[in-house]
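A.B. asks: If it helps, the file is called coords.pdb and holds PDB, C-alpha atoms:
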ATOM      1  CA  MET A   1      10.548  66.868 278.451
ATOM      2  CA  LYS A   2       7.327  66.865 280.475
ATOM      3  CA  ASN A   3       5.689  69.274 277.977
ATOM      4  CA  ILE A   4       6.684  67.135 274.999
ATOM      5  CA  PHE A   5       5.238  64.013 276.684
ATOM      6  CA  LEU A   6       1.983  65.798 277.511
ATOM      7  CA  PHE A   7       1.766  67.208 273.973
ATOM      8  CA  GLY A   8       2.254  63.688 272.597
ATOM      9  CA  ILE A   9      -0.570  62.283 274.732
ATOM     10  CA  VAL A  10      -2.932  65.102 273.741
ATOM     11  CA  GLY A  11      -1.958  64.633 270.077
ATOM     12  CA  LEU A  12      -2.628  60.880 270.249
ATOM     13  CA  SER A  13      -5.944  61.501 272.017
ATOM     14  CA  LEU A  14      -7.046  63.950 269.317
ATOM     15  CA  ALA A  15      -5.932  61.578 266.580
ATOM     16  CA  GLY A  16      -7.943  58.795 268.222
ATOM     17  CA  ALA A  17     -11.008  61.029 268.443
ATOM     18  CA  VAL A  18     -10.752  61.954 264.770
ATOM     19  CA  PHE A  19     -10.212  58.317 263.800
ATOM     20  CA  CYS A  20     -13.224  57.118 265.814
ATOM     21  CA  SER A  21     -15.555  59.768 264.448
ATOM     22  CA  SER A  22     -14.567  59.081 260.848
ATOM     23  CA  VAL A  23     -15.195  55.352 261.278
ATOM     24  CA  ALA A  24     -18.571  55.746 263.025
ATOM     25  CA  LYS A  25     -21.510  55.319 260.649
ATOM     26  CA  ALA A  26     -25.262  55.352 261.055
ATOM     27  CA  GLU A  27     -26.565  51.900 261.895
ATOM     28  CA  GLU A  28     -29.004  50.157 259.566
ATOM     29  CA  THR A  29     -31.723  48.021 261.103
ATOM     30  CA  ILE A  30     -32.991  45.141 258.987
ATOM     31  CA  CYS A  31     -36.738  44.920 259.556
ATOM     32  CA  ASP A  32     -38.571  41.631 259.074
ATOM     33  CA  GLY A  33     -41.505  41.712 261.471
ATOM     34  CA  ASP A  34     -42.836  44.283 263.941
ATOM     35  CA  LEU A  35     -41.081  47.260 265.519
ATOM     36  CA  GLY A  36     -42.801  49.511 268.029
ATOM     37  CA  ALA A  37     -41.917  52.804 269.692
ATOM     38  CA  VAL A  38     -38.137  52.657 269.312
ATOM     39  CA  THR A  39     -35.620  55.071 267.760
ATOM     40  CA  LEU A  40     -33.410  53.781 264.946
ATOM     41  CA  ASP A  41     -30.832  55.280 262.592
ATOM     42  CA  ASN A  42     -31.879  53.761 259.228
ATOM     43  CA  VAL A  43     -34.278  50.946 258.335
ATOM     44  CA  LYS A  44     -34.092  48.506 255.444
ATOM     45  CA  VAL A  45     -36.897  46.127 254.511
ATOM     46  CA  PRO A  46     -35.107  43.355 252.600
ATOM     47  CA  SER A  47     -36.443  41.678 249.480
ATOM     48  CA  ASP A  48     -39.500  39.474 250.021
ATOM     49  CA  LYS A  49     -39.888  40.519 253.704
ATOM     50  CA  SER A  50     -42.584  42.470 255.600
ATOM     51  CA  CYS A  51     -42.009  45.229 258.127
ATOM     52  CA  ASN A  52     -44.587  46.840 260.425
ATOM     53  CA  LEU A  53     -43.543  50.055 262.171
ATOM     54  CA  ASN A  54     -45.833  51.493 264.842
ATOM     55  CA  GLY A  55     -44.785  54.661 266.671
ATOM     56  CA  THR A  56     -41.203  54.220 265.455
ATOM     57  CA  THR A  57     -38.732  57.093 265.027
ATOM     58  CA  VAL A  58     -36.165  56.779 262.222
ATOM     59  CA  LYS A  59     -33.345  59.343 262.326
ATOM     60  CA  GLY A  60     -32.349  58.598 258.724
ATOM     61  CA  ASN A  61     -34.082  56.816 255.828
ATOM     62  CA  ILE A  62     -36.312  53.814 255.213
ATOM     63  CA  LYS A  63     -35.512  51.717 252.149
ATOM     64  CA  VAL A  64     -38.010  49.127 250.888
ATOM     65  CA  GLU A  65     -36.478  46.567 248.550
ATOM     66  CA  SER A  66     -37.839  44.285 245.826
ATOM     67  CA  ASN A  67     -41.139  42.499 246.641
ATOM     68  CA  ALA A  68     -41.001  43.794 250.236
ATOM     69  CA  LYS A  69     -43.901  45.274 252.228
ATOM     70  CA  LEU A  70     -43.832  48.233 254.614
ATOM     71  CA  LYS A  71     -46.669  49.297 256.897
ATOM     72  CA  ALA A  72     -45.769  52.409 258.891
ATOM     73  CA  SER A  73     -48.264  53.911 261.327
ATOM     74  CA  ASP A  74     -47.648  57.008 263.488
ATOM     75  CA  VAL A  75     -43.947  57.068 262.522
ATOM     76  CA  LYS A  76     -41.461  59.942 262.453
ATOM     77  CA  VAL A  77     -38.806  59.743 259.729
ATOM     78  CA  ASN A  78     -36.139  62.447 259.579
ATOM     79  CA  GLY A  79     -35.089  61.394 256.066
ATOM     80  CA  ASN A  80     -36.857  59.728 253.127
ATOM     81  CA  ILE A  81     -38.921  56.626 252.459
ATOM     82  CA  GLN A  82     -37.764  55.037 249.201
ATOM     83  CA  ALA A  83     -39.272  51.969 247.570
ATOM     84  CA  GLU A  84     -38.264  50.411 244.275
ATOM     85  CA  ASN A  85     -39.885  47.205 242.986
ATOM     86  CA  ALA A  86     -41.687  46.870 246.343
ATOM     87  CA  GLU A  87     -44.853  44.831 246.853
ATOM     88  CA  ASN A  88     -46.685  47.453 248.921
ATOM     89  CA  VAL A  89     -46.001  50.567 250.989
ATOM     90  CA  THR A  90     -48.476  51.980 253.511
ATOM     91  CA  VAL A  91     -47.736  55.125 255.526
ATOM     92  CA  GLU A  92     -50.620  56.344 257.686
ATOM     93  CA  ASN A  93     -52.083  57.697 260.924
ATOM     94  CA  ASN A  94     -50.342  60.990 261.596
ATOM     95  CA  SER A  95     -46.934  59.924 260.356
ATOM     96  CA  SER A  96     -44.350  62.645 259.753
ATOM     97  CA  ILE A  97     -41.717  62.435 257.006
ATOM     98  CA  GLU A  98     -39.089  65.208 256.955
ATOM     99  CA  GLY A  99     -37.906  64.227 253.459
ATOM    100  CA  SER A 100     -39.759  62.671 250.507
ATOM    101  CA  ILE A 101     -41.716  59.489 249.880
ATOM    102  CA  GLN A 102     -40.749  57.893 246.563
ATOM    103  CA  ILE A 103     -42.543  54.786 245.279
ATOM    104  CA  LYS A 104     -41.072  53.683 241.943
ATOM    105  CA  GLN A 105     -41.623  50.643 239.735
ATOM    106  CA  SER A 106     -43.489  48.955 242.566
ATOM    107  CA  LYS A 107     -46.962  47.529 242.930
ATOM    108  CA  GLY A 108     -49.277  49.421 245.314
ATOM    109  CA  ALA A 109     -49.087  52.156 247.940
ATOM    110  CA  ASN A 110     -51.395  53.894 250.394
ATOM    111  CA  ILE A 111     -50.208  57.202 251.861
ATOM    112  CA  THR A 112     -52.902  58.581 254.182
ATOM    113  CA  ARG A 113     -52.995  61.244 256.927
ATOM    114  CA  THR A 114     -49.251  61.893 256.675
ATOM    115  CA  ARG A 115     -47.209  65.096 256.823
ATOM    116  CA  ILE A 116     -44.484  65.123 254.146
ATOM    117  CA  LYS A 117     -41.953  67.988 254.244
ATOM    118  CA  GLN A 118     -40.745  67.431 250.669
ATOM    119  CA  ASP A 119     -42.362  65.456 247.799
ATOM    120  CA  LEU A 120     -44.657  62.471 247.318
ATOM    121  CA  GLN A 121     -43.797  60.655 244.083
ATOM    122  CA  PHE A 122     -45.515  57.687 242.441
ATOM    123  CA  GLU A 123     -43.752  56.550 239.265
ATOM    124  CA  LYS A 124     -44.329  53.499 237.035
ATOM    125  CA  ASN A 125     -46.250  51.462 239.620
ATOM    126  CA  THR A 126     -48.666  48.693 238.624
ATOM    127  CA  ASN A 127     -51.325  48.433 241.381
ATOM    128  CA  GLN A 128     -53.679  50.854 243.176
ATOM    129  CA  LEU A 129     -52.063  53.995 244.611
ATOM    130  CA  VAL A 130     -53.792  56.172 247.211
ATOM    131  CA  ALA A 131     -52.786  59.636 248.454
ATOM    132  CA  ASN A 132     -55.523  60.938 250.762
ATOM    133  CA  ASP A 133     -55.649  63.544 253.549
ATOM    134  CA  ASN A 134     -51.935  64.399 253.461
ATOM    135  CA  SER A 135     -50.078  67.656 254.039
ATOM    136  CA  ILE A 136     -47.244  67.980 251.497
ATOM    137  CA  THR A 137     -44.807  70.901 251.558
ATOM    138  CA  GLY A 138     -43.376  70.053 248.122
ATOM    139  CA  ASN A 139     -45.013  68.432 245.080
ATOM    140  CA  LEU A 140     -47.356  65.488 244.634
ATOM    141  CA  GLN A 141     -46.440  63.672 241.408
ATOM    142  CA  ALA A 142     -47.979  60.616 239.722
ATOM    143  CA  PHE A 143     -46.306  59.564 236.463
ATOM    144  CA  GLN A 144     -46.856  56.484 234.255
ATOM    145  CA  ASN A 145     -48.769  54.360 236.768
ATOM    146  CA  THR A 146     -51.048  51.575 235.497
ATOM    147  CA  GLY A 147     -53.091  50.338 238.487
ATOM    148  CA  GLY A 148     -55.169  53.415 239.257
ATOM    149  CA  VAL A 149     -54.372  56.506 241.333
ATOM    150  CA  GLU A 150     -56.672  58.140 243.919
ATOM    151  CA  ILE A 151     -55.786  61.653 245.141
ATOM    152  CA  ARG A 152     -58.238  63.207 247.640
ATOM    153  CA  ARG A 153     -58.237  66.010 250.236
ATOM    154  CA  ASN A 154     -54.506  66.730 250.213
ATOM    155  CA  ARG A 155     -52.905  70.088 251.028
ATOM    156  CA  VAL A 156     -50.015  70.608 248.602
ATOM    157  CA  ASN A 157     -47.783  73.688 248.822
ATOM    158  CA  GLY A 158     -46.050  72.861 245.539
ATOM    159  CA  ASN A 159     -47.593  71.414 242.371
ATOM    160  CA  LEU A 160     -49.977  68.519 241.781
ATOM    161  CA  GLN A 161     -48.714  66.809 238.623
ATOM    162  CA  CYS A 162     -50.154  63.732 236.903
ATOM    163  CA  LYS A 163     -48.956  62.470 233.507
ATOM    164  CA  GLU A 164     -49.354  59.313 231.425
ATOM    165  CA  ASN A 165     -51.296  57.314 234.030
ATOM    166  CA  VAL A 166     -53.633  54.599 232.681
ATOM    167  CA  PRO A 167     -56.353  54.751 233.807
ATOM    168  CA  SER A 168     -56.465  58.469 234.545
ATOM    169  CA  PRO A 169     -56.276  59.320 238.261
ATOM    170  CA  VAL A 170     -59.397  60.183 240.253
ATOM    171  CA  GLY A 171     -59.538  62.851 242.915
ATOM    172  CA  GLU A 172     -61.231  65.799 244.566
ATOM    173  CA  GLU A 173     -60.969  68.497 247.207
ATOM    174  CA  ASN A 174     -57.200  68.998 246.980
ATOM    175  CA  ARG A 175     -55.890  72.409 248.034
ATOM    176  CA  VAL A 176     -52.854  73.212 245.893
ATOM    177  CA  ARG A 177     -50.818  76.430 246.147
ATOM    178  CA  GLY A 178     -48.872  75.720 242.970
ATOM    179  CA  ASN A 179     -50.336  74.357 239.759
ATOM    180  CA  LYS A 180     -52.702  71.453 239.139
ATOM    181  CA  GLU A 181     -51.359  69.956 235.935
ATOM    182  CA  ASP A 182     -52.349  67.552 233.155
ATOM    183  CA  GLN A 183     -54.488  64.623 234.356
ATOM    184  CA  CYS A 184     -54.912  66.246 237.798
ATOM    185  CA  SER A 185     -55.893  69.713 236.589
ATOM    186  CA  SER A 186     -59.477  69.398 237.889
ATOM    187  CA  PHE A 187     -58.631  67.957 241.302
TER     188      PHE A 187
END
Starting from the file, lay out its structure as structure tokens.
C.D. replies:
Amino acid sequence: MKNIFLFGIVGLSLAGAVFCSSVAKAEETICDGDLGAVTLDNVKVPSDKSCNLNGTTVKGNIKVESNAKLKASDVKVNGNIQAENAENVTVENNSSIEGSIQIKQSKGANITRTRIKQDLQFEKNTNQLVANDNSITGNLQAFQNTGGVEIRRNRVNGNLQCKENVPSPVGEENRVRGNKEDQCSSF
């Protein structure tokens, strides 16, 4: 009888542990203002808001919503930075992104002095885009942007690809291990 009781308690304890771990999710911090040197799970910049990150560590992703602004300086992001329909995205000053930075159907962006483990993608944006002095393990891609694209002094292990941008991108001194393609072939 004592063994059955003990087995029941252990079984309930294990069931509780499994239940708790399946319910636990990564927390999402809503950023509207300034955040300093703190560690967060995920960050969301809601529509029409501005977020300034300085020395912040994000264990997951940063999502920038419609008409929102992100300024990230000296940040470490273990996931991705994704912006769609955003007002502006700036990532600078020795920031480190373990995933990709994707700026799509937004206005402007400035990605400078940042280490990106995967890709940097600019697609269908309408204002000035800058990618200068970055180290990119994957590809740097600029497709169908209409506000001007500047690409200077980047180290790209993958390809540098630019297509259908009006005006054509400007750039120089990029070191690319893969191919320099289309509008960026001379960069």
A.B. asks: When you draw a straight line from CA of Ile81 (chain A) to CA of Lys44 (chain A), how long is it in Å?
C.D. replies: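 Interatomic distance, CA of Ile81 (chain A) to CA of Lys44 (chain A): 9.9 Å.
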A.B. asks: Name every residue that the PyMOL selection byres ((chain A and resi 119-132) around 7) selects in this structure, writing the answer as an MDAnalysis selection string with chains first and numbers rising.
C.D. replies: chainID A and resid 100:113 116:118 133:134 136 138:154
A.B. asks: Let me make sure I understand: among A:Ser96, A:Asn174, A:Thr90, A:Gln161, which one has the smallest atom-to-atom distance to Asn52 (chain A) if we use only C-alpha atoms?
C.D. replies: A:Thr90
A.B. asks: Could you list as a PyMOL selection string every residue that has an atom within 10 Å of (-28.8, 54.7, 263.5), using the file's coordinates and counting only C-alpha atoms?
C.D. replies: chain A and resi 25-29+39-43+58-61
A.B. asks: In Å, rounded to a single decimal, give me how far CA of Val156 (chain A) is from CA of Gly55 (chain A).
C.D. replies: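 These two atoms are separated by 24.7 Å.
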A.B. asks: Using 6 Å of padding on each side, determine the axis-aligned box around all atoms of region 46-58 of chain A present in the file and give its centre and edge lengths in Å to one decimal, as JSON.
C.D. replies:
{"center_x": -40.5, "center_y": 48.3, "center_z": 258.1, "size_x": 22.7, "size_y": 29.6, "size_z": 29.2}
A.B. asks: If I take CA of Val166 (chain A) and CA of Val91 (chain A), how far is one from the other in Å, to one decimal?
C.D. replies: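 That distance, rounded to one decimal, is 23.6 Å.
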A.B. asks: Counting only C-alpha atoms, which residues have an atom no more than 6 Å from (-48.3, 72.5, 239.9) in the file's coordinates? Please list them as a list in words.
C.D. replies: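 Selection result: Asn159, Leu160, Gln161, Gly178, Asn179, Lys180 and Glu181 of chain A.
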A.B. asks: Identify, on the basis of only C-alpha atoms, every residue whose closest approach to Lys71 (chain A) does not exceed 9 Å; exclude the query and any residue fewer than 3 positions from it along the same chain; express the result as an MDAnalysis selection string.
C.D. replies: chainID A and resid 50:54 88:92
